[in-house]
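K.L.:
Dumping the structure here so I can ask a few things about it.
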Amino acid sequence: MTNTLTNFHAQPRGWALAVALLLVYGVWGTTYFAMGIALTSMPPMLMNALRFLCAGGLMLLAALWQGHALPTAAQWRNAAVIGGCMAFLAMNLVGFAQKLGIGSGLMATVVTTMPMWLALWSRWGGERVPFTSWIGLALGVAGALLLALEGDFSATWVGALLAFGAPLAWSLGSYASRRLSQPAPAMASAAQWLMGGAMGLAAALCFEPLSALGQVSAKSWAAWVYLLVCGTLLALNAYLWLLKNASAALAGSYSFVNPAVALLVGVALGGERLTGWVFAALPLIALALGFILYGRALMGVLGRLRLPSARGA
């Protein structure tokens with residue numbers, strides 16, 4: 001498993017990494033906008049449950065068409081752990097946190113802690129996490145915090161607790177995806193999403209009547225289809241691939257890039273305006289990615305810059 005990507009362009013899978021990162025960075029950055037449209041008339045728990053059940057069913061058909069065997073009993077159990085943490089717990093904790101009064105700025109900042117949790121689990125599990133990756137993660141969180149300064153930082157204690165639980169659950173599911181035995185990638189995605197979606201549907205039926213789906217607008221359904229196809233089938237598959245083929249820090253770096261993409265989408269489509277904080281945040285996020293991708297090279301450049309001054313002294 002690749003632990004560092006200093007020689008990113010020399011990697012045989014460099015093109016695949018680039019495509020996966022573009023999908024996760026770009027598409028997931030637009031899902032904030034799409035989710036806001038979907039939630040105008042769609043119940044949040046049913047929205048997520050149906051999204052993952054449909055995506056899981058489509059992936060199951062694709063995997064069977066490709067000739068993959070169904071998961072073993074142990075792999076279904078592992079899929080329940082991964083899907084339960086990511087598709088069920090993390091997704092719904094965010095929704096409940098927002099309903100219970102957590103501000104948008106605090107929510108956006110809390111989510112950026114996810115890659116740090118993932119890097120921590122990876123380190124405790126015996127993987128090497130370079131020091132430059134920790135620097136990049138810290139810079140990324142700082143950049144995302146600056147982006148969120150225009151948001152609302154109010155919160156109830158219950159809302160804040162649920163909000164902090166969301167990236168924790170997502171990071172645990174992500175780490176489990178890296179370590180637990182799974183079937184072929186298409187079948188693994190199908191199993192995880194079906195298990196997470198089934199859990200979500202069971203919980204949704206306790207709080208949200210199915211009859212509410214009859215009141216969903218065409219615009220919300222269109223946004224839901226976008227979330228299903230682009231946000232799940234394309235971007236989430238790309239993220240699951242990154243978890244297996246890239247460092248934990250790089251796979252999790254989407255969490256501080258997505259707010260920047262979401263902001264630009266809001267400017268282009270929603271008429272939002274950029275503030276002075278953005279022009280400080282975006283360079284920090286770019287530098288964060290530089291440390292995660294090219295940490296050794298950057299440290300070498302900084303070392304050479306310090307060397308002449310040291311000689312002059």
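Here's how to read the names in the structure tokens: chain A, B, ... by the order shown, residue numbers from 1 in each chain, ligand numbers from 1 in the order shown.
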Glu208 (chain A): which residues within 8 Å, counting only C-alpha atoms, same-chain residues fewer than 4 positions away excluded, as an mmCIF file with C-alpha atoms, in the first residue's frame?

P.N.:
data_model
loop_
_atom_site.group_PDB
_atom_site.id
_atom_site.type_symbol
_atom_site.label_atom_id
_atom_site.label_comp_id
_atom_site.auth_asym_id
_atom_site.auth_seq_id
_atom_site.Cartn_x
_atom_site.Cartn_y
_atom_site.Cartn_z
ATOM 1 C CA PRO A 43 -37.043 14.008 4.524
ATOM 2 C CA MET A 45 -33.146 10.170 6.649
ATOM 3 C CA LEU A 46 -35.277 8.765 3.840
ATOM 4 C CA ALA A 204 -36.091 6.509 8.993
ATOM 5 C CA ALA A 212 -43.787 12.276 2.881
#

K.L.:
Show me a table, sorted first by chain and then by increasing residue number, of the residues of region 179-277 of chain A having an atom at most 9 Å from region 25-32 of chain A, each with its shortest atom pair and the distance in Å to one decimal, counting only C-alpha atoms and written as JSON lines.

P.N.:
{"residue": "A:Ala223", "atom": "CA", "partner": "A:Thr31", "partner_atom": "CA", "distance": 8.8}
{"residue": "A:Tyr226", "atom": "CA", "partner": "A:Thr31", "partner_atom": "CA", "distance": 8.2}
{"residue": "A:Leu227", "atom": "CA", "partner": "A:Thr31", "partner_atom": "CA", "distance": 6.5}
{"residue": "A:Cys230", "atom": "CA", "partner": "A:Val27", "partner_atom": "CA", "distance": 6.6}
{"residue": "A:Gly231", "atom": "CA", "partner": "A:Trp28", "partner_atom": "CA", "distance": 6.0}
{"residue": "A:Leu234", "atom": "CA", "partner": "A:Val27", "partner_atom": "CA", "distance": 8.4}
{"residue": "A:Ala235", "atom": "CA", "partner": "A:Val27", "partner_atom": "CA", "distance": 6.4}
{"residue": "A:Leu236", "atom": "CA", "partner": "A:Trp28", "partner_atom": "CA", "distance": 8.6}
{"residue": "A:Ser253", "atom": "CA", "partner": "A:Tyr25", "partner_atom": "CA", "distance": 8.5}
{"residue": "A:Tyr254", "atom": "CA", "partner": "A:Tyr25", "partner_atom": "CA", "distance": 5.4}
{"residue": "A:Ser255", "atom": "CA", "partner": "A:Tyr25", "partner_atom": "CA", "distance": 8.5}
{"residue": "A:Val257", "atom": "CA", "partner": "A:Tyr25", "partner_atom": "CA", "distance": 6.2}
{"residue": "A:Asn258", "atom": "CA", "partner": "A:Gly29", "partner_atom": "CA", "distance": 4.2}
{"residue": "A:Pro259", "atom": "CA", "partner": "A:Gly29", "partner_atom": "CA", "distance": 6.4}
{"residue": "A:Ala260", "atom": "CA", "partner": "A:Gly29", "partner_atom": "CA", "distance": 7.5}
{"residue": "A:Val261", "atom": "CA", "partner": "A:Gly29", "partner_atom": "CA", "distance": 4.9}
{"residue": "A:Ala262", "atom": "CA", "partner": "A:Gly29", "partner_atom": "CA", "distance": 4.7}
{"residue": "A:Leu263", "atom": "CA", "partner": "A:Gly29", "partner_atom": "CA", "distance": 8.3}
{"residue": "A:Leu264", "atom": "CA", "partner": "A:Gly29", "partner_atom": "CA", "distance": 9.0}
{"residue": "A:Val265", "atom": "CA", "partner": "A:Thr30", "partner_atom": "CA", "distance": 6.5}
{"residue": "A:Gly266", "atom": "CA", "partner": "A:Thr30", "partner_atom": "CA", "distance": 8.8}

K.L.:
Go ahead and save the residues from that selection, with N, CA and C atoms, as a PDB file, in the first residue's frame.

P.N.:
ATOM      1  N   ALA A 223     -32.217  16.748  -7.791  1.00  0.00           N
ATOM      2  CA  ALA A 223     -31.017  16.878  -6.963  1.00  0.00           C
ATOM      3  C   ALA A 223     -30.648  15.542  -6.336  1.00  0.00           C
ATOM      4  N   TYR A 226     -28.867  13.427  -8.812  1.00  0.00           N
ATOM      5  CA  TYR A 226     -27.476  13.879  -8.930  1.00  0.00           C
ATOM      6  C   TYR A 226     -26.633  13.324  -7.776  1.00  0.00           C
ATOM      7  N   LEU A 227     -27.184  13.364  -6.561  1.00  0.00           N
ATOM      8  CA  LEU A 227     -26.466  12.818  -5.406  1.00  0.00           C
ATOM      9  C   LEU A 227     -26.229  11.320  -5.565  1.00  0.00           C
ATOM     10  N   CYS A 230     -23.737  10.999  -9.174  1.00  0.00           N
ATOM     11  CA  CYS A 230     -22.426  11.658  -9.090  1.00  0.00           C
ATOM     12  C   CYS A 230     -21.820  11.560  -7.692  1.00  0.00           C
ATOM     13  N   GLY A 231     -22.628  11.853  -6.672  1.00  0.00           N
ATOM     14  CA  GLY A 231     -22.091  11.861  -5.315  1.00  0.00           C
ATOM     15  C   GLY A 231     -21.756  10.495  -4.775  1.00  0.00           C
ATOM     16  N   LEU A 234     -20.184   7.656  -8.467  1.00  0.00           N
ATOM     17  CA  LEU A 234     -18.898   8.103  -8.996  1.00  0.00           C
ATOM     18  C   LEU A 234     -17.921   8.496  -7.885  1.00  0.00           C
ATOM     19  N   ALA A 235     -18.281   9.512  -7.092  1.00  0.00           N
ATOM     20  CA  ALA A 235     -17.320  10.068  -6.138  1.00  0.00           C
ATOM     21  C   ALA A 235     -17.050   9.139  -4.961  1.00  0.00           C
ATOM     22  N   LEU A 236     -18.083   8.510  -4.407  1.00  0.00           N
ATOM     23  CA  LEU A 236     -17.842   7.634  -3.258  1.00  0.00           C
ATOM     24  C   LEU A 236     -17.059   6.396  -3.664  1.00  0.00           C
ATOM     25  N   SER A 253      -8.059  14.179   2.386  1.00  0.00           N
ATOM     26  CA  SER A 253      -7.852  15.610   2.136  1.00  0.00           C
ATOM     27  C   SER A 253      -9.067  16.278   1.502  1.00  0.00           C
ATOM     28  N   TYR A 254     -10.026  15.485   0.991  1.00  0.00           N
ATOM     29  CA  TYR A 254     -11.238  16.075   0.401  1.00  0.00           C
ATOM     30  C   TYR A 254     -11.984  16.958   1.396  1.00  0.00           C
ATOM     31  N   SER A 255     -11.846  16.645   2.710  1.00  0.00           N
ATOM     32  CA  SER A 255     -12.681  17.321   3.706  1.00  0.00           C
ATOM     33  C   SER A 255     -12.361  18.805   3.834  1.00  0.00           C
ATOM     34  N   VAL A 257     -10.821  20.441   1.072  1.00  0.00           N
ATOM     35  CA  VAL A 257     -10.902  20.969  -0.296  1.00  0.00           C
ATOM     36  C   VAL A 257     -12.366  21.208  -0.683  1.00  0.00           C
ATOM     37  N   ASN A 258     -13.251  20.303  -0.259  1.00  0.00           N
ATOM     38  CA  ASN A 258     -14.667  20.417  -0.637  1.00  0.00           C
ATOM     39  C   ASN A 258     -15.302  21.745  -0.247  1.00  0.00           C
ATOM     40  N   PRO A 259     -15.057  22.286   0.978  1.00  0.00           N
ATOM     41  CA  PRO A 259     -15.660  23.587   1.294  1.00  0.00           C
ATOM     42  C   PRO A 259     -15.247  24.692   0.326  1.00  0.00           C
ATOM     43  N   ALA A 260     -13.988  24.635  -0.143  1.00  0.00           N
ATOM     44  CA  ALA A 260     -13.538  25.638  -1.107  1.00  0.00           C
ATOM     45  C   ALA A 260     -14.279  25.476  -2.436  1.00  0.00           C
ATOM     46  N   VAL A 261     -14.435  24.226  -2.888  1.00  0.00           N
ATOM     47  CA  VAL A 261     -15.177  23.975  -4.122  1.00  0.00           C
ATOM     48  C   VAL A 261     -16.633  24.394  -3.953  1.00  0.00           C
ATOM     49  N   ALA A 262     -17.220  24.047  -2.795  1.00  0.00           N
ATOM     50  CA  ALA A 262     -18.616  24.403  -2.533  1.00  0.00           C
ATOM     51  C   ALA A 262     -18.807  25.912  -2.564  1.00  0.00           C
ATOM     52  N   LEU A 263     -17.826  26.642  -2.029  1.00  0.00           N
ATOM     53  CA  LEU A 263     -17.911  28.099  -2.033  1.00  0.00           C
ATOM     54  C   LEU A 263     -17.897  28.640  -3.462  1.00  0.00           C
ATOM     55  N   LEU A 264     -17.016  28.114  -4.292  1.00  0.00           N
ATOM     56  CA  LEU A 264     -16.941  28.566  -5.676  1.00  0.00           C
ATOM     57  C   LEU A 264     -18.215  28.219  -6.441  1.00  0.00           C
ATOM     58  N   VAL A 265     -18.799  27.045  -6.142  1.00  0.00           N
ATOM     59  CA  VAL A 265     -20.071  26.678  -6.764  1.00  0.00           C
ATOM     60  C   VAL A 265     -21.166  27.646  -6.328  1.00  0.00           C
ATOM     61  N   GLY A 266     -21.147  28.005  -5.041  1.00  0.00           N
ATOM     62  CA  GLY A 266     -22.128  28.958  -4.533  1.00  0.00           C
ATOM     63  C   GLY A 266     -21.999  30.313  -5.199  1.00  0.00           C
TER      64      GLY A 266
END

K.L.:
Near Ser174 (chain A), counting only C-alpha atoms, which residues have an atom at most 12 Å away, once you skip same-chain residues fewer than 3 positions from it, shown as a PyMOL selection string?

P.N.:
chain A and resi 78-79+81-87+90+114-122+167-171+177-180+192+236+239-244+247-249+251-252

K.L.:
With C-alpha atoms retained, write the just-selected residues as a PDB file, in the first residue's frame.

P.N.:
ATOM      1  CA  ASN A  78     -17.423  -6.320   7.542  1.00  0.00           C
ATOM      2  CA  ALA A  79     -19.687  -4.475   5.088  1.00  0.00           C
ATOM      3  CA  VAL A  81     -19.379  -2.277  10.000  1.00  0.00           C
ATOM      4  CA  ILE A  82     -18.153  -0.038   7.157  1.00  0.00           C
ATOM      5  CA  GLY A  83     -21.589   0.863   5.783  1.00  0.00           C
ATOM      6  CA  GLY A  84     -22.990   1.324   9.266  1.00  0.00           C
ATOM      7  CA  CYS A  85     -20.272   3.822  10.177  1.00  0.00           C
ATOM      8  CA  MET A  86     -20.216   5.749   6.896  1.00  0.00           C
ATOM      9  CA  ALA A  87     -23.537   5.490   5.053  1.00  0.00           C
ATOM     10  CA  ALA A  90     -21.970   9.652   9.719  1.00  0.00           C
ATOM     11  CA  MET A 114     -11.933  13.578   9.706  1.00  0.00           C
ATOM     12  CA  PRO A 115      -8.565  13.041   7.948  1.00  0.00           C
ATOM     13  CA  MET A 116      -6.731  13.632  11.236  1.00  0.00           C
ATOM     14  CA  TRP A 117      -8.774  10.870  12.868  1.00  0.00           C
ATOM     15  CA  LEU A 118      -8.129   8.611   9.877  1.00  0.00           C
ATOM     16  CA  ALA A 119      -4.396   9.325   9.979  1.00  0.00           C
ATOM     17  CA  LEU A 120      -4.406   8.616  13.724  1.00  0.00           C
ATOM     18  CA  TRP A 121      -6.142   5.237  13.312  1.00  0.00           C
ATOM     19  CA  SER A 122      -3.712   4.397  10.488  1.00  0.00           C
ATOM     20  CA  PRO A 167     -16.333  12.667  11.242  1.00  0.00           C
ATOM     21  CA  LEU A 168     -15.376  10.170  13.935  1.00  0.00           C
ATOM     22  CA  ALA A 169     -17.833   7.598  12.530  1.00  0.00           C
ATOM     23  CA  TRP A 170     -16.740   8.334   8.934  1.00  0.00           C
ATOM     24  CA  SER A 171     -13.056   7.964   9.843  1.00  0.00           C
ATOM     25  CA  SER A 177     -12.419  -0.196   4.688  1.00  0.00           C
ATOM     26  CA  ARG A 178      -8.617  -0.124   4.497  1.00  0.00           C
ATOM     27  CA  ARG A 179      -8.127  -3.059   6.852  1.00  0.00           C
ATOM     28  CA  LEU A 180     -11.078  -5.489   6.776  1.00  0.00           C
ATOM     29  CA  GLN A 192     -21.524  -1.608   2.213  1.00  0.00           C
ATOM     30  CA  LEU A 236     -17.842   7.634  -3.258  1.00  0.00           C
ATOM     31  CA  TYR A 239     -12.999   7.643  -2.393  1.00  0.00           C
ATOM     32  CA  LEU A 240     -13.196   3.941  -1.530  1.00  0.00           C
ATOM     33  CA  TRP A 241     -10.571   3.298  -4.228  1.00  0.00           C
ATOM     34  CA  LEU A 242      -8.332   6.001  -2.734  1.00  0.00           C
ATOM     35  CA  LEU A 243      -8.597   4.365   0.692  1.00  0.00           C
ATOM     36  CA  LYS A 244      -7.004   1.254  -0.805  1.00  0.00           C
ATOM     37  CA  SER A 247      -2.185   7.429   1.926  1.00  0.00           C
ATOM     38  CA  ALA A 248      -4.742   8.101   4.634  1.00  0.00           C
ATOM     39  CA  ALA A 249      -3.879  11.807   4.569  1.00  0.00           C
ATOM     40  CA  ALA A 251      -7.644  10.104   0.827  1.00  0.00           C
ATOM     41  CA  GLY A 252      -9.037  12.310   3.588  1.00  0.00           C
TER      42      GLY A 252
END

K.L.:
If we count only C-alpha atoms and set the cut-off at 10 Å, which residues sit around Gly95 (chain A), ignoring sequence neighbours fewer than 2 positions away in its own chain? Please answer as a list in words.

P.N.:
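Counting only the stated atoms, we get Pro44, Met45, Asn48, Ala90, Met91, Asn92, Leu93, Ala97, Gln98, Lys99, Leu100, Gly159, Leu162, Ala163 and Ala166 of chain A.
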
K.L.:
Keeping N, CA and C atoms, export the residues of the selection given above as a PDB file, in the first residue's frame.

P.N.:
ATOM      1  N   PRO A  44     -34.730  14.023   5.401  1.00  0.00           N
ATOM      2  CA  PRO A  44     -33.292  13.735   5.309  1.00  0.00           C
ATOM      3  C   PRO A  44     -32.913  12.271   5.478  1.00  0.00           C
ATOM      4  N   MET A  45     -33.526  11.560   6.430  1.00  0.00           N
ATOM      5  CA  MET A  45     -33.146  10.170   6.649  1.00  0.00           C
ATOM      6  C   MET A  45     -33.599   9.279   5.496  1.00  0.00           C
ATOM      7  N   ASN A  48     -31.230   9.841   2.459  1.00  0.00           N
ATOM      8  CA  ASN A  48     -29.974   9.101   2.527  1.00  0.00           C
ATOM      9  C   ASN A  48     -30.196   7.603   2.374  1.00  0.00           C
ATOM     10  N   ALA A  90     -22.552   8.347  10.043  1.00  0.00           N
ATOM     11  CA  ALA A  90     -21.970   9.652   9.719  1.00  0.00           C
ATOM     12  C   ALA A  90     -22.960  10.544   8.989  1.00  0.00           C
ATOM     13  N   MET A  91     -23.630   9.993   7.978  1.00  0.00           N
ATOM     14  CA  MET A  91     -24.561  10.799   7.191  1.00  0.00           C
ATOM     15  C   MET A  91     -25.706  11.342   8.037  1.00  0.00           C
ATOM     16  N   ASN A  92     -26.270  10.501   8.882  1.00  0.00           N
ATOM     17  CA  ASN A  92     -27.434  10.925   9.669  1.00  0.00           C
ATOM     18  C   ASN A  92     -27.049  11.766  10.875  1.00  0.00           C
ATOM     19  N   LEU A  93     -25.848  11.574  11.424  1.00  0.00           N
ATOM     20  CA  LEU A  93     -25.407  12.421  12.528  1.00  0.00           C
ATOM     21  C   LEU A  93     -25.294  13.874  12.087  1.00  0.00           C
ATOM     22  N   ALA A  97     -27.484  16.784  13.757  1.00  0.00           N
ATOM     23  CA  ALA A  97     -26.757  17.900  14.370  1.00  0.00           C
ATOM     24  C   ALA A  97     -27.287  19.229  13.862  1.00  0.00           C
ATOM     25  N   GLN A  98     -27.542  19.306  12.553  1.00  0.00           N
ATOM     26  CA  GLN A  98     -28.064  20.545  11.974  1.00  0.00           C
ATOM     27  C   GLN A  98     -29.479  20.829  12.461  1.00  0.00           C
ATOM     28  N   LYS A  99     -30.275  19.776  12.637  1.00  0.00           N
ATOM     29  CA  LYS A  99     -31.633  19.968  13.148  1.00  0.00           C
ATOM     30  C   LYS A  99     -31.633  20.439  14.600  1.00  0.00           C
ATOM     31  N   LEU A 100     -30.604  20.036  15.365  1.00  0.00           N
ATOM     32  CA  LEU A 100     -30.552  20.362  16.787  1.00  0.00           C
ATOM     33  C   LEU A 100     -29.776  21.642  17.065  1.00  0.00           C
ATOM     34  N   GLY A 159     -26.220  19.053  19.850  1.00  0.00           N
ATOM     35  CA  GLY A 159     -25.875  19.218  18.449  1.00  0.00           C
ATOM     36  C   GLY A 159     -24.377  19.132  18.218  1.00  0.00           C
ATOM     37  N   LEU A 162     -23.203  15.455  18.504  1.00  0.00           N
ATOM     38  CA  LEU A 162     -23.521  14.699  17.296  1.00  0.00           C
ATOM     39  C   LEU A 162     -22.626  15.110  16.131  1.00  0.00           C
ATOM     40  N   ALA A 163     -22.341  16.412  16.047  1.00  0.00           N
ATOM     41  CA  ALA A 163     -21.487  16.903  14.962  1.00  0.00           C
ATOM     42  C   ALA A 163     -20.094  16.300  15.040  1.00  0.00           C
ATOM     43  N   ALA A 166     -19.918  12.670  13.773  1.00  0.00           N
ATOM     44  CA  ALA A 166     -20.004  12.384  12.344  1.00  0.00           C
ATOM     45  C   ALA A 166     -18.635  12.100  11.709  1.00  0.00           C
TER      46      ALA A 166
END

K.L.:
Residues within 10 Å of region 60-72 of chain A, please, as an mmCIF file with N, CA and C atoms, in the first residue's frame. Count only C-alpha atoms; anything in the same chain fewer than 2 positions from it doesn't count.

P.N.:
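So out07.cif came out as:
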data_model
loop_
_atom_site.group_PDB
_atom_site.id
_atom_site.type_symbol
_atom_site.label_atom_id
_atom_site.label_comp_id
_atom_site.auth_asym_id
_atom_site.auth_seq_id
_atom_site.Cartn_x
_atom_site.Cartn_y
_atom_site.Cartn_z
ATOM 1 N N CYS A 54 -30.510 2.372 -3.378
ATOM 2 C CA CYS A 54 -30.514 2.365 -4.848
ATOM 3 C C CYS A 54 -29.102 2.195 -5.401
ATOM 4 N N ALA A 55 -28.149 2.924 -4.827
ATOM 5 C CA ALA A 55 -26.765 2.806 -5.289
ATOM 6 C C ALA A 55 -26.237 1.398 -5.047
ATOM 7 N N GLY A 56 -26.556 0.838 -3.886
ATOM 8 C CA GLY A 56 -26.110 -0.520 -3.591
ATOM 9 C C GLY A 56 -26.723 -1.542 -4.529
ATOM 10 N N GLY A 57 -28.019 -1.375 -4.843
ATOM 11 C CA GLY A 57 -28.663 -2.293 -5.775
ATOM 12 C C GLY A 57 -28.048 -2.226 -7.165
ATOM 13 N N LEU A 58 -27.756 -1.011 -7.639
ATOM 14 C CA LEU A 58 -27.131 -0.860 -8.949
ATOM 15 C C LEU A 58 -25.729 -1.465 -8.974
ATOM 16 N N ALA A 74 -18.556 -13.476 6.494
ATOM 17 C CA ALA A 74 -17.620 -12.568 7.171
ATOM 18 C C ALA A 74 -17.541 -11.234 6.436
ATOM 19 N N GLN A 75 -17.591 -11.269 5.107
ATOM 20 C CA GLN A 75 -17.515 -10.023 4.331
ATOM 21 C C GLN A 75 -18.808 -9.207 4.464
ATOM 22 N N TRP A 76 -19.960 -9.875 4.587
ATOM 23 C CA TRP A 76 -21.194 -9.141 4.862
ATOM 24 C C TRP A 76 -21.111 -8.457 6.223
ATOM 25 N N ARG A 77 -20.525 -9.139 7.199
ATOM 26 C CA ARG A 77 -20.353 -8.538 8.527
ATOM 27 C C ARG A 77 -19.437 -7.323 8.443
ATOM 28 N N ASN A 78 -18.331 -7.457 7.703
ATOM 29 C CA ASN A 78 -17.423 -6.320 7.542
ATOM 30 C C ASN A 78 -18.117 -5.168 6.816
ATOM 31 N N ALA A 79 -18.946 -5.507 5.814
ATOM 32 C CA ALA A 79 -19.687 -4.475 5.088
ATOM 33 C C ALA A 79 -20.657 -3.753 6.011
ATOM 34 N N SER A 181 -11.341 -7.502 5.475
ATOM 35 C CA SER A 181 -11.477 -8.303 4.264
ATOM 36 C C SER A 181 -12.772 -7.947 3.544
ATOM 37 N N GLN A 182 -12.663 -7.727 2.228
ATOM 38 C CA GLN A 182 -13.814 -7.368 1.422
ATOM 39 C C GLN A 182 -13.762 -8.108 0.094
ATOM 40 N N PRO A 183 -14.906 -8.244 -0.584
ATOM 41 C CA PRO A 183 -14.903 -8.856 -1.917
ATOM 42 C C PRO A 183 -14.335 -7.893 -2.956
ATOM 43 N N ALA A 184 -14.531 -8.211 -4.234
ATOM 44 C CA ALA A 184 -14.087 -7.329 -5.323
ATOM 45 C C ALA A 184 -14.701 -5.947 -5.146
ATOM 46 N N PRO A 185 -14.017 -4.876 -5.622
ATOM 47 C CA PRO A 185 -14.454 -3.502 -5.338
ATOM 48 C C PRO A 185 -15.926 -3.221 -5.614
ATOM 49 N N ALA A 186 -16.447 -3.638 -6.765
ATOM 50 C CA ALA A 186 -17.852 -3.358 -7.073
ATOM 51 C C ALA A 186 -18.776 -4.050 -6.086
ATOM 52 N N MET A 187 -18.470 -5.304 -5.746
ATOM 53 C CA MET A 187 -19.293 -6.036 -4.795
ATOM 54 C C MET A 187 -19.130 -5.471 -3.388
ATOM 55 N N ALA A 188 -17.937 -4.987 -3.057
ATOM 56 C CA ALA A 188 -17.710 -4.382 -1.735
ATOM 57 C C ALA A 188 -18.558 -3.132 -1.565
ATOM 58 N N SER A 189 -18.569 -2.273 -2.592
ATOM 59 C CA SER A 189 -19.406 -1.062 -2.538
ATOM 60 C C SER A 189 -20.876 -1.435 -2.392
ATOM 61 N N ALA A 190 -21.311 -2.435 -3.175
ATOM 62 C CA ALA A 190 -22.709 -2.856 -3.114
ATOM 63 C C ALA A 190 -23.079 -3.315 -1.710
ATOM 64 N N ALA A 191 -22.243 -4.151 -1.112
ATOM 65 C CA ALA A 191 -22.538 -4.691 0.217
ATOM 66 C C ALA A 191 -22.574 -3.590 1.273
ATOM 67 N N TRP A 193 -23.110 -0.312 0.899
ATOM 68 C CA TRP A 193 -24.220 0.625 0.721
ATOM 69 C C TRP A 193 -25.559 -0.022 1.019
ATOM 70 N N LEU A 194 -25.711 -1.300 0.670
ATOM 71 C CA LEU A 194 -26.956 -1.984 0.990
ATOM 72 C C LEU A 194 -27.134 -2.116 2.503
#

K.L.:
Could you check which of A:Ala176, A:Leu21, A:Leu250, A:Met35 is closest to Ile292 (chain A), using only C-alpha atoms?

P.N.:
A:Leu250

K.L.:
Between A:Ala20, A:Leu53, A:Trp15, A:Phe33, which residue has the minimum interatomic distance to Met195 (chain A), considering only C-alpha atoms?

P.N.:
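Among the listed residues, A:Leu53 lies closest to Met195 (chain A).
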
K.L.:
Nearest to Gly196 (chain A) among A:Gly173, A:Gly136, A:Leu282, A:Leu146, with distances taken over only C-alpha atoms: which residue is it?

P.N.:
A:Gly173

K.L.:
Expressed in Å to a single decimal, how great is the separation between CA of Val229 (chain A) and CA of Val24 (chain A)?

P.N.:
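We find that CA of Val229 (chain A) and CA of Val24 (chain A) lie 13.1 Å from each other.
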